[in-house]
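Right, one structure below, let's go through it.
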Amino acid sequence: MARPRKTAAPSGSKAHVRFVLNGEPVETAFAPHKTLLEVLREDLGLTGTKHGCELGECGTCAVLVDGKPVLSCLVLGVECQGRCVESVEGMAGPGGLHPLQKAFADLGAAQCGYCTPGFLLTAKALLEENPKPTLPQIREALAGNLCRCTGYIKIFEVVELAAAWMRGEEAQPRKETLYGTAFDESGLLPVVNR
């Protein structure tokens with residue numbers, strides 16, 4: 001006996017999805033095969049979330065879904081029905097930049113900036129779960145985010161500083177974060193007193 005053939009949905013059919021995006025209810029229609037990354041950028045015009053590897057390996061497209069970091073290139077938009085999604089555009093509030101955004105900008109933790117939205121949202125999720133992480137915990141939480149420009153150290157230290165600010169502490173950046181480590185392998189550079 002022949003099995004009945006499954007018919008594909010017509011190519012013009014769209015999925016209608018409702019979810020909360022950056023604190024606001026959203027209803028949108030899009031092709032059901034689209035990833036959350038594509039829905040955010042192409043259908044909703046939020047281009048802060050970046051295309052990276054599109055294989056789930058670089059962390060560039062990280063957003064928060066129900067407060068947890070997810071790689072938006074690996075999540076279908078239809079999976080967000082009824083959920084809360086936060087993109088980098090939702091981080092700043094009425095009072096201005098989020099402390100993480102301020103620390104990244106003020107201390108130069110971003111170079112080209114392409115990976116920064118993914119780092120910011122992943123760090124935000126970490127600090128909401130653990131307001132006082134150690135540097136090893138910060139490194140572990142951000143391990144899935146790749147950056148081609150920085151050496152990561154400044155990013156880790158900036159997250160540590162922003163966490164202190166969020167706890168209400170009068171924290172200052174480390175001198176190394178501002179000026180780099182005094183390192184002279186040759187011994188020929190003049191010594192700078194700090």
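Residue names in the structure tokens use chain letters A, B, ... in the order shown, residue numbers from 1 in each chain, and ligand numbers from 1 in the order shown.
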- Item | Long-range neighbours of region 58-69 of chain A as a PyMOL selection string, 7 Å cut-off, only C-alpha atoms, 6 positions minimum in chain | chain A and resi 37+49-52+83-87+115+118+121-122+125+144-146
- Query: Near region 13-23 of chain A, counting only C-alpha atoms, which residues have an atom at most 7 Å away, once you skip same-chain residues fewer than 3 positions from it, shown as a PyMOL selection string?
  - Reply: chain A and resi 9-10+26-32+78+80-87+90
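Within the 12 Å cut-off around Asp106 (chain A), using only C-alpha atoms and omitting residues fewer than 2 positions from it on the same chain, the listed residues are Leu97, Pro99, Leu100, Gln101, Lys102, Ala103, Phe104, Gly108, Ala109, Ala110, Gln111, Lys154, Ile155, Val158, Leu161, Ala162, Gln172, Pro173, Thr177 and Leu178 of chain A.
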N, CA and C atoms of the current selection, written as an mmCIF file, in the first residue's frame:
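This is the output file part.cif:
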data_model
loop_
_atom_site.group_PDB
_atom_site.id
_atom_site.type_symbol
_atom_site.label_atom_id
_atom_site.label_comp_id
_atom_site.auth_asym_id
_atom_site.auth_seq_id
_atom_site.Cartn_x
_atom_site.Cartn_y
_atom_site.Cartn_z
ATOM 1 N N LEU A 97 22.745 54.327 28.542
ATOM 2 C CA LEU A 97 23.366 53.044 28.238
ATOM 3 C C LEU A 97 23.355 52.118 29.442
ATOM 4 N N PRO A 99 25.175 49.625 31.953
ATOM 5 C CA PRO A 99 26.559 49.697 32.434
ATOM 6 C C PRO A 99 27.556 48.904 31.588
ATOM 7 N N LEU A 100 27.136 47.775 31.052
ATOM 8 C CA LEU A 100 28.037 47.020 30.177
ATOM 9 C C LEU A 100 28.352 47.801 28.908
ATOM 10 N N GLN A 101 27.343 48.414 28.307
ATOM 11 C CA GLN A 101 27.571 49.217 27.105
ATOM 12 C C GLN A 101 28.499 50.381 27.414
ATOM 13 N N LYS A 102 28.266 51.031 28.545
ATOM 14 C CA LYS A 102 29.095 52.173 28.931
ATOM 15 C C LYS A 102 30.540 51.744 29.142
ATOM 16 N N ALA A 103 30.736 50.643 29.846
ATOM 17 C CA ALA A 103 32.097 50.159 30.110
ATOM 18 C C ALA A 103 32.798 49.760 28.811
ATOM 19 N N PHE A 104 32.099 49.058 27.922
ATOM 20 C CA PHE A 104 32.701 48.679 26.646
ATOM 21 C C PHE A 104 33.130 49.910 25.865
ATOM 22 N N GLY A 108 37.171 51.034 25.698
ATOM 23 C CA GLY A 108 37.705 50.503 24.448
ATOM 24 C C GLY A 108 37.771 48.997 24.370
ATOM 25 N N ALA A 109 36.801 48.308 24.935
ATOM 26 C CA ALA A 109 36.808 46.842 24.874
ATOM 27 C C ALA A 109 36.403 46.336 23.499
ATOM 28 N N ALA A 110 35.799 47.206 22.704
ATOM 29 C CA ALA A 110 35.427 46.827 21.341
ATOM 30 C C ALA A 110 36.392 47.491 20.381
ATOM 31 N N GLN A 111 36.843 46.744 19.423
ATOM 32 C CA GLN A 111 37.691 47.349 18.400
ATOM 33 C C GLN A 111 36.858 47.569 17.150
ATOM 34 N N LYS A 154 40.777 42.712 27.939
ATOM 35 C CA LYS A 154 40.049 43.947 28.211
ATOM 36 C C LYS A 154 38.544 43.681 28.313
ATOM 37 N N ILE A 155 38.019 42.799 27.483
ATOM 38 C CA ILE A 155 36.599 42.454 27.535
ATOM 39 C C ILE A 155 36.266 41.847 28.895
ATOM 40 N N VAL A 158 36.388 44.526 31.598
ATOM 41 C CA VAL A 158 35.272 45.463 31.482
ATOM 42 C C VAL A 158 33.995 44.843 32.049
ATOM 43 N N LEU A 161 34.272 45.106 35.737
ATOM 44 C CA LEU A 161 34.042 46.483 36.169
ATOM 45 C C LEU A 161 32.555 46.839 36.117
ATOM 46 N N ALA A 162 31.888 46.497 35.026
ATOM 47 C CA ALA A 162 30.451 46.781 34.901
ATOM 48 C C ALA A 162 29.662 46.063 35.985
ATOM 49 N N GLN A 172 36.836 51.412 39.882
ATOM 50 C CA GLN A 172 37.603 52.062 38.822
ATOM 51 C C GLN A 172 38.252 50.973 37.974
ATOM 52 N N PRO A 173 38.503 51.272 36.703
ATOM 53 C CA PRO A 173 39.187 50.269 35.881
ATOM 54 C C PRO A 173 40.607 50.048 36.363
ATOM 55 N N THR A 177 43.882 47.880 32.246
ATOM 56 C CA THR A 177 42.764 47.989 31.312
ATOM 57 C C THR A 177 42.876 49.284 30.521
ATOM 58 N N LEU A 178 43.313 50.336 31.194
ATOM 59 C CA LEU A 178 43.430 51.631 30.538
ATOM 60 C C LEU A 178 44.687 51.750 29.697
#
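For Lys34 (chain A), the non-local neighbours within 8 Å, defined as residues at least 4 positions apart in the same chain or in other chains and counting only C-alpha atoms, are Phe30, Glu38, Val39, Leu76 and Gly77 of chain A.
Within region 56-192 of chain A, DSSP run on the backbone puts these residues in strand (DSSP E or B): Ala62, Val63, Leu64, Val65, Lys68, Pro69, Val70, Leu71, Leu76, Cys84, Val85, Glu86, Gly93 and Gly96 of chain A.
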Written file, previous selection with N, CA and C atoms, as a compact mmCIF listing (two decimals), in the first residue's frame:
# COMPACT_ATOMS: atom_id res chain seq x y z
N ALA A 62 24.46 36.21 19.13
CA ALA A 62 23.80 35.90 20.40
C ALA A 62 22.76 36.95 20.77
N VAL A 63 21.60 36.47 21.19
CA VAL A 63 20.53 37.29 21.75
C VAL A 63 20.05 36.56 23.00
N LEU A 64 19.17 37.19 23.74
CA LEU A 64 18.59 36.53 24.90
C LEU A 64 17.18 36.09 24.57
N VAL A 65 16.87 34.85 24.88
CA VAL A 65 15.51 34.33 24.77
C VAL A 65 15.13 33.84 26.16
N LYS A 68 18.07 33.90 28.59
CA LYS A 68 19.23 33.03 28.37
C LYS A 68 19.84 33.31 27.00
N PRO A 69 21.18 33.30 26.92
CA PRO A 69 21.81 33.53 25.62
C PRO A 69 21.54 32.37 24.66
N VAL A 70 21.16 32.71 23.46
CA VAL A 70 20.99 31.71 22.39
C VAL A 70 21.65 32.26 21.13
N LEU A 71 22.04 31.36 20.28
CA LEU A 71 22.62 31.74 18.99
C LEU A 71 21.46 31.85 18.01
N LEU A 76 14.93 28.82 14.98
CA LEU A 76 13.93 29.26 14.02
C LEU A 76 13.08 30.36 14.65
N CYS A 84 10.10 35.75 25.29
CA CYS A 84 10.70 37.09 25.42
C CYS A 84 12.07 37.06 24.76
N VAL A 85 12.27 37.95 23.81
CA VAL A 85 13.53 38.04 23.06
C VAL A 85 14.13 39.41 23.34
N GLU A 86 15.43 39.43 23.61
CA GLU A 86 16.12 40.71 23.78
C GLU A 86 17.31 40.75 22.85
N GLY A 93 18.37 51.81 28.48
CA GLY A 93 17.08 52.15 29.07
C GLY A 93 16.86 53.64 29.06
N GLY A 96 19.77 55.83 29.92
CA GLY A 96 20.96 55.82 29.07
C GLY A 96 21.47 54.41 28.84
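With only C-alpha atoms as the atoms that count, the residue of A:Leu36, A:Cys73, A:Val88, A:Ala123 with the shortest distance to Ala143 (chain A) is A:Ala123.
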